Amino acid sequence: MKFCPNCDIRLKKTSGSTNLECPKCQYSEGDSTKPEEEKISEEPQSDFMVLDENEGKDVLPTIEIECEKCGNNQAVWWMLQTRSADEPTTQFYRCTKCSYTWRNYA
Ligand SMILES: [Zn+2]
Ligand SMILES: [Zn+2]
């Protein structure tokens, strides 16, 4: 709903167009302003197993694989069964340097 900046009364739609017009002073404006698009703030759902910063560092086996974030070539890895039992077990890697975690899609 918009109001006339001059008379402070409600603008009405003019017939045959989307313009808004003040019935009193004939002020008109185009109805081109669209409501702001809702920003999607939700993080993409992740089924990563979240590990604490230092958890498992000495326990998990390491593998030689390149981290796409920092280029480090060593990561720890572990297997994780995803929610549904009929899905194959997923392999996860975590960079030993920057702790970037990713999964093996292969
Ligand atoms: Zn007006
Ligand atoms: Zn890294």
# chains A, B, ... in the order shown; residues from 1 in each chain; ligands from 1
$ residues_near_ligand --ligand "ligand 1" --cutoff "8 Å" --atoms "only C-alpha atoms and all ligand atoms" --output "PyMOL selection string"
chain A and resi 4-9+11+21-27
$ residues_near_ligand --ligand "ligand 2" --cutoff "6 Å" --atoms "only C-alpha atoms and all ligand atoms" --output "PyMOL selection string"
chain A and resi 67+69-72+95+97-100
$ write_last_selection --atoms "C-alpha atoms" --output "compact mmCIF listing (two decimals), in the first residue's frame"
# COMPACT_ATOMS: atom_id res chain seq x y z
CA CYS A 67 42.80 -30.58 0.26
CA LYS A 69 40.98 -25.50 0.30
CA CYS A 70 44.62 -25.17 1.30
CA GLY A 71 46.46 -27.60 -0.93
CA ASN A 72 47.70 -29.66 1.98
CA CYS A 95 42.39 -31.88 6.11
CA LYS A 97 46.03 -28.58 8.24
CA CYS A 98 42.89 -26.49 7.90
CA SER A 99 40.31 -29.00 9.13
CA TYR A 100 38.28 -28.62 5.96
$ closest_residue --among "A:Ser28, A:Thr96, A:Pro61, A:Thr90" --to "Asn73 in chain A" --atoms "only C-alpha atoms"
A:Thr96
$ atom_distance --atom1 "CA of Ile63 in chain A" --atom2 "CA of Phe92 in chain A"
10.9 Å
$ atom_distance --atom1 "CA of Trp78 in chain A" --atom2 "CA of Leu60 in chain A"
6.8 Å
$ closest_residue --among "A:Arg83, A:Arg94, A:Lys2, A:Lys12" --to "Glu66 in chain A" --atoms "only C-alpha atoms"
A:Arg94
$ atom_distance --atom1 "CA of Thr101 in chain A" --atom2 "CA of Glu87 in chain A"
20.3 Å
$ closest_residue --among "A:Val59, A:Ile65, A:Ala85, A:Met1" --to "Asn104 in chain A" --atoms "only C-alpha atoms"
A:Ile65
$ closest_residue --among "A:Ser15, A:Asp86, A:Arg103, A:Leu20" --to "Phe3 in chain A" --atoms "only C-alpha atoms"
A:Leu20
